[in-house]
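S.K.: What follows is start.cif, mmCIF, C-alpha atoms.
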```cif
data_model
#
loop_
_atom_site.label_atom_id
_atom_site.label_comp_id
_atom_site.auth_asym_id
_atom_site.auth_seq_id
_atom_site.Cartn_x
_atom_site.Cartn_y
_atom_site.Cartn_z
CA MET A 18 106.78 -43.94 -14.52
CA ILE A 19 103.54 -42.32 -13.45
CA THR A 20 102.59 -42.33 -17.13
CA THR A 21 102.76 -46.13 -17.10
CA GLY A 22 100.27 -46.24 -14.24
CA CYS A 23 97.99 -43.82 -16.11
CA LEU A 24 98.14 -46.03 -19.17
CA PHE A 25 97.06 -49.15 -17.23
CA ILE A 26 94.19 -47.24 -15.67
CA LEU A 27 93.04 -45.79 -18.98
CA VAL A 28 92.84 -49.30 -20.46
CA THR A 29 90.86 -50.43 -17.40
CA LEU A 30 88.48 -47.50 -17.91
CA ALA A 31 87.87 -48.63 -21.48
CA LEU A 32 87.18 -52.22 -20.35
CA ALA A 33 84.78 -51.08 -17.62
CA LEU A 34 82.99 -48.82 -20.10
CA LEU A 35 82.62 -51.76 -22.49
CA ARG A 36 81.01 -53.81 -19.69
CA ALA A 37 78.70 -50.92 -18.81
CA VAL A 38 77.53 -50.76 -22.45
CA ARG A 39 77.19 -54.53 -22.91
CA GLY A 40 76.06 -55.63 -19.43
CA PRO A 41 72.88 -57.67 -19.75
CA SER A 42 71.34 -56.69 -16.40
CA VAL A 43 71.22 -53.31 -14.71
CA TYR A 44 73.41 -54.69 -11.89
CA ASP A 45 76.23 -55.45 -14.33
CA ARG A 46 76.11 -51.83 -15.38
CA ILE A 47 76.19 -50.59 -11.77
CA VAL A 48 79.23 -52.79 -11.02
CA ALA A 49 80.95 -51.40 -14.11
CA VAL A 50 80.13 -47.79 -13.24
CA ASN A 51 81.34 -48.31 -9.67
CA THR A 52 84.67 -49.66 -10.95
CA PHE A 53 84.81 -46.77 -13.41
CA GLY A 54 84.47 -44.33 -10.52
CA THR A 55 87.27 -45.95 -8.52
CA MET A 56 89.56 -45.88 -11.55
CA ILE A 57 88.72 -42.20 -12.15
CA VAL A 58 89.78 -41.47 -8.57
CA LEU A 59 93.13 -43.18 -9.14
CA LEU A 60 93.56 -41.37 -12.46
CA LEU A 61 92.87 -38.02 -10.77
CA VAL A 62 95.52 -38.68 -8.12
CA LEU A 63 98.06 -39.79 -10.72
CA LEU A 64 97.31 -36.76 -12.92
CA GLY A 65 97.76 -34.50 -9.90
CA PHE A 66 101.27 -35.88 -9.48
CA LEU A 67 102.01 -35.83 -13.20
CA THR A 68 101.12 -32.18 -13.65
CA ASP A 69 102.32 -31.16 -10.15
CA ARG A 70 98.95 -29.87 -9.02
CA PRO A 71 98.10 -31.12 -5.49
CA GLU A 72 94.55 -29.67 -5.69
CA PHE A 73 93.58 -32.72 -7.73
CA GLU A 74 93.76 -34.83 -4.59
CA ASP A 75 90.99 -32.86 -2.90
CA ILE A 76 88.83 -33.54 -5.95
CA ALA A 77 89.73 -37.24 -5.75
CA LEU A 78 88.87 -37.33 -2.05
CA LEU A 79 85.47 -35.85 -2.78
CA TYR A 80 84.95 -38.19 -5.73
CA VAL A 81 85.45 -41.28 -3.55
CA LEU A 82 82.54 -40.24 -1.34
CA ILE A 83 80.32 -39.13 -4.24
CA ASN A 84 81.00 -42.42 -6.01
CA PHE A 85 79.77 -44.37 -2.98
CA ALA A 86 76.71 -42.20 -2.46
CA SER A 87 75.76 -42.36 -6.15
CA THR A 88 76.06 -46.15 -6.23
CA ILE A 89 73.74 -46.45 -3.24
CA ALA A 90 71.34 -43.87 -4.71
CA VAL A 91 71.12 -45.61 -8.08
CA LEU A 92 70.60 -48.98 -6.36
CA LYS A 93 67.83 -47.50 -4.24
CA PHE A 94 66.20 -46.00 -7.30
CA VAL A 95 66.35 -49.33 -9.15
CA LYS A 96 64.94 -51.20 -6.16
CA TYR A 97 62.14 -48.88 -5.05
CA SER A 98 61.64 -46.69 -8.18
CA SER A 99 62.02 -43.74 -5.82
CA LEU A 100 64.84 -42.06 -3.93
CA ALA A 101 62.70 -41.61 -0.82
CA GLY A 102 62.49 -45.28 0.13
CA PRO A 103 59.83 -47.99 0.14
CA GLY A 104 56.21 -46.93 0.05
CA ALA A 105 56.91 -43.33 -0.86
CA ASP A 106 55.54 -43.79 -4.37
CA ARG A 107 52.20 -45.18 -3.18
CA GLY A 108 50.64 -41.77 -2.93
CA ALA A 109 51.00 -41.31 0.85
CA SER A 110 53.13 -38.23 1.26
CA PRO A 111 55.21 -38.44 4.47
CA LYS A 112 54.41 -34.90 5.50
CA GLY A 113 50.80 -34.82 4.39
CA GLY A 114 49.82 -37.85 6.47
CA THR A 115 49.70 -36.02 9.78
CA ALA A 116 47.93 -32.92 8.49
CA PRO A 117 44.41 -32.49 9.93
CA MET B 23 77.56 -37.36 25.55
CA ARG B 24 80.68 -39.50 25.11
CA HIS B 25 79.58 -40.17 21.55
CA ALA B 26 79.04 -36.47 20.82
CA ILE B 27 82.47 -35.51 22.16
CA SER B 28 84.35 -38.24 20.32
CA LEU B 29 82.52 -37.44 17.07
CA PHE B 30 83.35 -33.74 17.51
CA VAL B 31 87.04 -34.45 18.14
CA THR B 32 87.25 -36.80 15.14
CA LEU B 33 85.57 -34.27 12.86
CA PHE B 34 87.77 -31.40 14.03
CA VAL B 35 90.98 -33.41 13.57
CA LEU B 36 89.75 -34.32 10.08
CA TRP B 37 89.06 -30.65 9.38
CA LEU B 38 92.57 -29.67 10.53
CA LEU B 39 94.21 -32.35 8.40
CA LEU B 40 92.23 -31.52 5.27
CA SER B 41 92.47 -27.73 5.53
CA GLY B 42 96.06 -27.36 6.76
CA HIS B 43 95.20 -24.12 8.64
CA TRP B 44 96.78 -24.41 12.08
CA THR B 45 97.22 -20.79 13.16
CA ASP B 46 94.58 -18.38 11.83
CA PRO B 47 92.11 -17.89 14.74
CA LEU B 48 89.17 -16.90 12.51
CA LEU B 49 89.50 -19.99 10.34
CA LEU B 50 89.98 -22.22 13.40
CA THR B 51 86.78 -20.81 14.92
CA LEU B 52 84.92 -21.50 11.70
CA GLY B 53 86.27 -25.06 11.75
CA VAL B 54 85.03 -25.57 15.31
CA VAL B 55 81.62 -24.18 14.30
CA SER B 56 81.32 -26.47 11.30
CA ALA B 57 82.31 -29.54 13.35
CA ALA B 58 79.79 -28.60 16.05
CA LEU B 59 77.09 -28.06 13.42
CA THR B 60 77.74 -31.55 12.03
CA VAL B 61 77.47 -33.07 15.52
CA PHE B 62 74.18 -31.18 15.99
CA VAL B 63 72.79 -32.53 12.70
CA ALA B 64 73.87 -36.06 13.69
CA TRP B 65 72.06 -35.61 17.02
CA ARG B 66 68.90 -34.42 15.20
CA MET B 67 69.07 -37.52 13.00
CA GLU B 68 69.46 -39.72 16.11
CA GLY B 69 72.80 -40.97 14.81
CA LEU B 70 74.68 -40.40 18.08
CA ASP B 71 74.63 -43.91 19.49
CA HIS B 72 76.97 -46.87 19.70
CA GLU B 73 76.06 -47.76 16.11
CA GLY B 74 76.65 -44.35 14.54
CA VAL B 75 79.82 -43.62 16.54
CA PRO B 76 81.38 -47.00 17.35
CA ILE B 77 83.77 -45.99 20.14
CA ASN B 78 83.42 -49.38 21.82
CA VAL B 79 85.59 -51.12 19.24
CA SER B 80 88.67 -51.94 21.28
CA VAL B 81 92.33 -51.45 20.45
CA HIS B 82 92.29 -55.08 19.31
CA ALA B 83 91.41 -53.55 15.94
CA LEU B 84 95.01 -52.36 15.67
CA VAL B 85 96.11 -56.01 15.64
CA TYR B 86 93.20 -57.13 13.47
CA TRP B 87 93.64 -54.67 10.60
CA PRO B 88 97.23 -55.62 9.67
CA TRP B 89 96.20 -59.29 9.71
CA LEU B 90 93.22 -58.43 7.48
CA LEU B 91 95.55 -56.56 5.12
CA GLY B 92 97.65 -59.71 4.75
CA GLN B 93 94.53 -61.77 4.03
CA ILE B 94 93.47 -59.20 1.40
CA VAL B 95 96.80 -59.52 -0.41
CA LEU B 96 96.59 -63.35 -0.41
CA ALA B 97 92.98 -63.27 -1.64
CA ASN B 98 93.91 -60.79 -4.38
CA LEU B 99 96.51 -63.20 -5.72
CA ALA B 100 93.97 -66.05 -5.71
CA VAL B 101 91.35 -63.99 -7.57
CA ALA B 102 93.96 -62.77 -10.08
CA ARG B 103 94.78 -66.42 -10.84
CA VAL B 104 91.08 -67.18 -11.40
CA ILE B 105 90.71 -64.22 -13.78
CA LEU B 106 93.66 -65.43 -15.85
CA ALA B 107 92.30 -69.00 -15.92
CA PRO B 108 88.49 -68.93 -15.51
CA ASP B 109 88.30 -72.73 -15.81
CA ARG B 110 89.41 -73.04 -12.18
CA MET B 111 86.40 -71.07 -11.01
CA SER B 112 83.79 -72.79 -8.80
CA PRO B 113 81.33 -70.13 -7.57
CA ARG B 114 79.32 -71.09 -4.51
CA LEU B 115 76.65 -69.54 -2.29
CA ASP B 116 76.31 -70.75 1.30
CA TRP B 117 75.61 -69.74 4.89
CA ILE B 118 78.50 -69.47 7.32
CA PRO B 119 78.21 -69.09 11.14
CA ALA B 120 78.86 -65.74 12.84
CA THR B 121 79.46 -65.68 16.60
CA GLN B 122 79.64 -61.92 17.23
CA ARG B 123 77.41 -60.60 20.01
CA THR B 124 77.05 -56.95 18.97
CA GLU B 125 75.80 -55.50 15.70
CA VAL B 126 79.00 -53.52 15.22
CA GLY B 127 80.97 -56.78 15.56
CA ARG B 128 78.86 -58.46 12.89
CA VAL B 129 79.30 -55.46 10.60
CA ILE B 130 83.08 -55.69 11.07
CA PHE B 131 82.99 -59.39 10.20
CA ALA B 132 80.73 -58.95 7.17
CA ASN B 133 82.76 -56.02 5.86
CA SER B 134 85.97 -58.02 6.29
CA ILE B 135 84.43 -60.83 4.25
CA THR B 136 83.43 -58.45 1.48
CA LEU B 137 86.73 -56.57 1.57
CA THR B 138 88.64 -59.78 0.90
CA PRO B 139 88.25 -60.35 -2.85
CA GLY B 140 86.74 -63.70 -3.69
CA THR B 141 84.07 -63.60 -0.99
CA ILE B 142 81.03 -61.29 -0.73
CA SER B 143 78.59 -61.20 2.18
CA VAL B 144 75.09 -61.06 0.73
CA GLN B 145 72.77 -61.23 3.74
CA LEU B 146 73.15 -60.96 7.50
CA ASP B 147 71.21 -62.88 10.12
CA GLN B 148 71.48 -62.98 13.90
CA ARG B 149 73.71 -66.06 13.83
CA ARG B 150 74.94 -66.51 10.25
CA ILE B 151 75.97 -64.73 7.06
CA LEU B 152 75.12 -65.65 3.47
CA VAL B 153 78.36 -65.58 1.46
CA HIS B 154 79.03 -65.79 -2.26
CA ALA B 155 82.51 -67.10 -3.04
CA LEU B 156 84.38 -67.23 -6.32
CA GLU B 157 86.09 -70.48 -5.36
CA SER B 158 84.44 -73.00 -3.04
CA GLU B 159 87.62 -73.09 -0.92
CA GLY B 160 86.73 -69.54 0.13
CA ILE B 161 83.56 -70.83 1.83
CA ASP B 162 85.47 -73.73 3.42
CA ASP B 163 88.04 -71.32 4.89
CA LEU B 164 85.31 -69.11 6.34
CA LYS B 165 83.48 -72.13 7.77
CA ALA B 166 86.71 -73.13 9.54
CA GLY B 167 86.10 -69.91 11.47
CA ASP B 168 89.50 -68.26 11.85
CA MET B 169 88.31 -64.85 10.65
CA ASP B 170 85.11 -65.22 12.68
CA ARG B 171 87.08 -65.77 15.93
CA ARG B 172 89.31 -62.80 15.21
CA ALA B 173 86.37 -60.49 14.45
CA THR B 174 84.71 -61.62 17.71
CA TRP B 175 87.97 -60.83 19.47
CA VAL B 176 87.90 -57.27 18.06
CA GLU B 177 84.48 -56.52 19.57
CA SER B 178 85.34 -58.13 22.91
CA PRO B 179 86.57 -56.08 25.91
CA LEU B 180 90.28 -55.74 26.54
CA HIS B 181 90.73 -58.47 29.15
CA ALA B 182 89.31 -61.21 26.93
CA GLU B 183 91.51 -64.06 25.76
CA PRO B 184 92.83 -63.52 22.22
CA SER B 185 91.29 -66.78 21.02
CA GLY B 186 91.72 -65.85 17.36
CA ARG B 187 95.47 -65.71 17.57
CA GLY B 188 97.76 -68.68 17.53
CA ASP B 189 95.46 -71.33 16.12
CA GLY B 190 95.56 -69.77 12.69
CA ALA B 191 99.25 -70.49 12.27
CA MET C 15 118.43 -44.09 -0.76
CA SER C 16 116.37 -41.90 -3.00
CA LEU C 17 117.00 -44.28 -5.90
CA ILE C 18 115.74 -47.26 -3.88
CA LEU C 19 112.62 -45.28 -2.92
CA ASP C 20 112.03 -44.36 -6.56
CA ILE C 21 112.34 -47.95 -7.72
CA LEU C 22 110.06 -49.17 -4.92
CA SER C 23 107.43 -46.53 -5.71
CA TRP C 24 107.63 -47.29 -9.43
CA ALA C 25 107.15 -51.00 -8.74
CA CYS C 26 104.14 -50.29 -6.52
CA ILE C 27 102.47 -48.10 -9.14
CA VAL C 28 103.05 -50.57 -11.97
CA VAL C 29 101.92 -53.63 -9.99
CA GLY C 30 98.87 -51.69 -8.79
CA GLY C 31 98.13 -50.73 -12.40
CA ILE C 32 98.41 -54.38 -13.42
CA PHE C 33 95.91 -55.37 -10.72
CA CYS C 34 93.52 -52.66 -11.96
CA LEU C 35 93.93 -54.01 -15.48
CA LEU C 36 93.21 -57.55 -14.23
CA SER C 37 90.02 -56.33 -12.59
CA GLY C 38 88.98 -54.75 -15.90
CA ILE C 39 89.71 -57.98 -17.77
CA GLY C 40 87.75 -59.92 -15.13
CA LEU C 41 84.78 -57.58 -15.58
CA LEU C 42 84.64 -58.59 -19.23
CA ARG C 43 85.61 -62.24 -18.92
CA LEU C 44 83.67 -63.67 -15.98
CA PRO C 45 80.20 -65.08 -16.59
CA ASP C 46 77.72 -63.34 -14.23
CA VAL C 47 77.13 -60.35 -11.94
CA PHE C 48 78.40 -61.95 -8.75
CA THR C 49 81.69 -63.19 -10.21
CA ARG C 50 82.18 -59.79 -11.84
CA MET C 51 81.80 -58.16 -8.42
CA HIS C 52 84.74 -60.24 -7.19
CA ALA C 53 86.78 -58.96 -10.13
CA ALA C 54 85.75 -55.36 -9.38
CA SER C 55 86.84 -55.66 -5.75
CA LEU C 56 90.31 -56.59 -6.99
CA GLY C 57 90.81 -53.06 -8.29
CA ASP C 58 89.17 -51.52 -5.22
CA THR C 59 91.54 -53.14 -2.74
CA LEU C 60 95.02 -54.06 -3.94
CA GLY C 61 94.95 -52.05 -7.18
CA ALA C 62 94.02 -48.77 -5.51
CA GLY C 63 96.09 -49.59 -2.43
CA LEU C 64 99.32 -50.19 -4.34
CA VAL C 65 98.93 -47.15 -6.60
CA LEU C 66 98.29 -44.90 -3.60
CA LEU C 67 101.15 -46.50 -1.65
CA GLY C 68 103.50 -45.87 -4.56
CA LEU C 69 102.53 -42.21 -4.70
CA LEU C 70 102.80 -41.96 -0.92
CA LEU C 71 106.39 -43.26 -1.07
CA GLN C 72 107.17 -40.48 -3.51
CA ALA C 73 105.39 -37.63 -1.77
CA GLY C 74 106.01 -38.34 1.89
CA ILE C 75 103.68 -36.29 4.08
CA GLY C 76 104.55 -33.21 2.07
CA ALA C 77 104.06 -29.50 2.66
CA ASP C 78 100.42 -29.45 1.52
CA LEU C 79 99.59 -32.55 3.60
CA VAL C 80 99.47 -34.44 0.31
CA GLY C 81 100.34 -37.72 2.02
CA VAL C 82 97.52 -37.36 4.56
CA LYS C 83 95.04 -36.90 1.73
CA LEU C 84 96.36 -40.00 -0.04
CA ILE C 85 95.92 -42.04 3.15
CA LEU C 86 92.41 -40.64 3.65
CA ILE C 87 91.45 -41.54 0.07
CA LEU C 88 92.57 -45.12 0.74
CA VAL C 89 90.75 -45.27 4.09
CA PHE C 90 87.49 -43.97 2.61
CA LEU C 91 87.83 -46.40 -0.29
CA LEU C 92 88.37 -49.35 2.04
CA PHE C 93 85.38 -48.35 4.18
CA THR C 94 82.89 -47.60 1.39
CA SER C 95 83.63 -50.21 -1.26
CA PRO C 96 82.52 -53.30 0.75
CA VAL C 97 79.28 -51.55 1.73
CA ALA C 98 78.50 -50.73 -1.90
CA THR C 99 79.39 -54.27 -3.01
CA HIS C 100 77.23 -55.82 -0.29
CA ALA C 101 74.25 -53.62 -1.18
CA LEU C 102 74.70 -54.48 -4.84
CA ALA C 103 74.93 -58.24 -4.26
CA HIS C 104 71.93 -58.23 -1.94
CA ALA C 105 69.82 -56.21 -4.38
CA ALA C 106 70.78 -58.47 -7.28
CA LEU C 107 69.91 -61.65 -5.37
CA LEU C 108 66.63 -60.16 -4.12
CA ASP C 109 65.77 -59.27 -7.70
CA GLY C 110 65.91 -62.97 -8.57
CA ILE C 111 69.22 -63.19 -10.42
CA VAL C 112 70.44 -66.77 -9.99
CA PRO C 113 74.20 -67.04 -9.40
CA TRP C 114 76.11 -68.82 -12.14
CA THR C 115 77.52 -72.18 -11.04
CA ARG C 116 79.59 -74.78 -12.85
CA HIS C 117 77.49 -77.42 -14.69
CA GLY C 118 74.43 -75.23 -14.17
CA ARG C 119 73.56 -76.74 -10.78
CA PRO C 120 71.40 -74.59 -8.51
CA PRO C 121 73.34 -72.86 -5.70
CA ASP C 122 73.60 -74.54 -2.28
CA ALA C 123 71.73 -71.87 -0.33
CA ARG C 124 69.17 -69.14 -0.87
CA LEU C 125 68.18 -65.88 0.77
CA ALA C 126 66.41 -66.41 4.07
CA PRO C 127 62.65 -66.38 3.47
CA GLU C 128 61.85 -63.81 6.16
CA ASP C 129 62.10 -60.07 5.67
CA PRO C 130 65.74 -59.39 4.77
CA ASP C 131 65.52 -56.14 6.69
CA GLU C 132 66.00 -57.84 10.02
CA ASP C 133 65.95 -55.01 12.51
CA GLY C 134 62.77 -53.81 10.89
CA PHE C 135 63.89 -50.27 10.15
CA LEU C 136 62.47 -50.22 6.62
CA ALA C 137 59.40 -52.20 7.65
CA ASP C 138 58.74 -49.74 10.47
CA ALA C 139 59.05 -46.84 8.06
CA ARG C 140 56.63 -48.56 5.69
CA ASP C 141 54.09 -49.20 8.46
CA ASP C 142 54.39 -45.61 9.63
CA LEU C 143 53.76 -44.39 6.10
CA GLU C 144 50.67 -46.54 5.76
CA ALA C 145 49.32 -45.61 9.17
CA GLY C 146 49.97 -41.95 8.43
CA THR C 147 52.14 -41.43 11.52
CA THR C 148 55.52 -40.69 10.08
CA ALA C 149 57.71 -39.18 12.76
CA PRO C 150 59.35 -41.74 15.07
CA ARG C 151 59.66 -38.99 17.67
CA PRO C 152 57.25 -36.06 17.98
CA PRO C 153 58.28 -32.66 16.67
CA GLN C 154 60.04 -30.61 19.29
CA GLU C 155 57.59 -27.70 19.22
CA SER C 156 54.71 -29.78 20.59
#
```
Taking this structure as input, can you express it in the form of structure tokens?
M.R.:
Amino acid sequence: MITTGCLFILVTLALALLRAVRGPSVYDRIVAVNTFGTMIVLLLVLLGFLTDRPEFEDIALLYVLINFASTIAVLKFVKYSSLAGPGADRGASPKGGTAP
Amino acid sequence: MRHAISLFVTLFVLWLLLSGHWTDPLLLTLGVVSAALTVFVAWRMEGLDHEGVPINVSVHALVYWPWLLGQIVLANLAVARVILAPDRMSPRLDWIPATQRTEVGRVIFANSITLTPGTISVQLDQRRILVHALESEGIDDLKAGDMDRRATWVESPLHAEPSGRGDGA
Amino acid sequence: MSLILDILSWACIVVGGIFCLLSGIGLLRLPDVFTRMHAASLGDTLGAGLVLLGLLLQAGIGADLVGVKLILILVFLLFTSPVATHALAHAALLDGIVPWTRHGRPPDARLAPEDPDEDGFLADARDDLEAGTTAPRPPQES
């Protein structure tokens, strides 16, 4: 019965991957990758039950948080072309500004 | 100080639940140290305020969340119907009023909107929220203001009238 | 009793899987970014919720606190996914992507013209960077 759930999720992974490849704008791809991450989390939990290895759930727990952080980081990179935030790529280094 | 203590307690309970070590004194000490270190880092980042540690959200949330769960299930069914028959779709973008007084209250309202499939909050203002809906009925429901009243009730102090309840039925 | 629990948990997992599948189909079928986000949130809420609930029915709390971890996964998912979706929708609209509407009519409303960053946190950071005074509070040594 867990195998049935795995099967559904594997098909969803394929569909999300197809959207990530085809997506016309970069935001389509980010939506697809975000969904892909959620489905991977569910697959990890199901696989942990299927193979009787409860450690998989710790990995899934971590993956939820990494998935969120990576979505925000990629969005920030797309928006500001830099992970440091607005203005950071204009040459003014945050630390160097106050130096005498 | 209240924020620091409640954050510390939350983090330590989380540590206990995730590690499963209840007895070993060395490991418990290390857990206390790691929780305290996290509180210290949060204090350095100036995250220890009512926004970073929202302890003012009242126990009304315990009534609000089950109601929200029911709304999520209903909205899921509606969106599933649209996916199976995309002809019914009527996407719409519009402003809806938000009557919450605190920022945490508005965040609760906006997150509830986004968590219900079929509506996404796109931008927040002092008094209103820009919402994208998959079906235009979604915007009409939000404009009727049932969820708005309930979210305002969550941020309100305990003695306030539960204005969100009753008129939704 | 155990049989009822098994059937219930099996039903939860399969229905949750079907909702995940629907969200995948919606990702491919719907016409633009915003409508696809609605489809994606289908799998994030009820899909994930039902699958985890089904597993929780089977595991109970368990010796290794398996059930607690399942609940925490669901809680983190429910707290993070709307934030990510909101950030994504806001960024897409700011970037000038026009939401798809029936008959190609323009949408009823637009982003507010003023700075979307209303409490001015990002704007403050930008001003500080340009003025060369970065730290909002002075270093503790001084």
S.K.: Please, what distance in Å, to one decimal, runs between atom CA of B:Pro139 and atom CA of C:Ser55?
M.R.: 5.7 Å
S.K.: When the PyMOL selection byres ((chain C and resi 105) around 9) is applied to the file above, which residues end up in the set, as a list in words?
M.R.: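 Applied to this file, the PyMOL selection byres ((chain C and resi 105) around 9) selects Tyr44, Leu92, Lys93 and Lys96 of chain A; Val144 of chain B; His100, Ala101, Leu102, Ala103, His104, Ala106, Leu107, Leu108, Asp109 and Gly110 of chain C.
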S.K.: Any chance you could export the current selection's C-alpha atoms as a tab-separated table (two decimals), in the frame of the given file?
M.R.:
```
chain	number	residue	atom	x	y	z
A	44	TYR	CA	73.41	-54.69	-11.89
A	92	LEU	CA	70.60	-48.98	-6.36
A	93	LYS	CA	67.83	-47.50	-4.24
A	96	LYS	CA	64.94	-51.20	-6.16
B	144	VAL	CA	75.09	-61.06	0.73
C	100	HIS	CA	77.23	-55.82	-0.29
C	101	ALA	CA	74.25	-53.62	-1.18
C	102	LEU	CA	74.70	-54.48	-4.84
C	103	ALA	CA	74.93	-58.24	-4.26
C	104	HIS	CA	71.93	-58.23	-1.94
C	106	ALA	CA	70.78	-58.47	-7.28
C	107	LEU	CA	69.91	-61.65	-5.37
C	108	LEU	CA	66.63	-60.16	-4.12
C	109	ASP	CA	65.77	-59.27	-7.70
C	110	GLY	CA	65.91	-62.97	-8.57
```
S.K.: Please provide as an MDAnalysis selection string all residues within 9 Å of B:Ile130, with the sequence filter that same-chain residues fewer than 5 positions apart are discarded (counting only C-alpha atoms).
M.R.: chainID B and resid 125 135 173 176:177
S.K.: Contacts of C:Asp20 at 7 Å or less, counting all atoms listed in the file, minus same-chain residues fewer than 4 places along, as a PDB file with C-alpha atoms, in the coordinates of the input?
M.R.:
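File produced: selection-v2.pdb:
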```pdb
ATOM      1  CA  SER C  16     116.370 -41.900  -3.000  1.00  0.00           C
ATOM      2  CA  TRP C  24     107.630 -47.290  -9.430  1.00  0.00           C
ATOM      3  CA  GLN C  72     107.170 -40.480  -3.510  1.00  0.00           C
TER       4      GLN C  72
END
```
S.K.: Check what the PyMOL selection byres ((chain C) within 8 of (chain A)) selects in the file above and give those residues as a PyMOL selection string.
M.R.: chain C and resi 24+27-28+30-32+34-35+37-39+41-42+47+50-51+54+57-58+62+65-66+69+78+80+83-84+86-87+90-91+94-95+98+101-102+105-106+136+140+143-144+146-148
S.K.: Determine the residue membership of the PyMOL selection byres ((chain B) within 8 of (chain C)) for the file above and supply it as a ChimeraX atom specification.
M.R.: /B:39-40,42,94-95,98,101-102,105,108,111-117,133,136-137,139-145,147,152,154,156
S.K.: Kindly indicate which residue among B:Ile77, B:Gly69, B:Leu29, B:Ser41 lies nearest to chain A, using all atoms listed in the file for the distances.
M.R.: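 Closest to chain A of all the choices is B:Ser41.
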S.K.: With 6 Å of padding per side, what axis-aligned box (centre and edge lengths, Å, one decimal) covers all the listed atoms of stretch 19-38 of chain A? Give it as AutoDock Vina command-line options.
M.R.:
```
--center_x 90.5 --center_y -48.1 --center_z -18.0 --size_x 38.0 --size_y 23.5 --size_z 21.0
```
S.K.: Can you measure atom CA of C:Gly63 to atom CA of C:Gly76 for me? One decimal in Å is fine.
M.R.: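 Answer for the atom CA of C:Gly63 to atom CA of C:Gly76 separation: 19.0 Å.
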S.K.: Between atom CA of B:Trp175 and atom CA of B:Val75, what is the distance in Å, rounded to a tenth?
M.R.: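 Distance between the two atoms: 19.3 Å.
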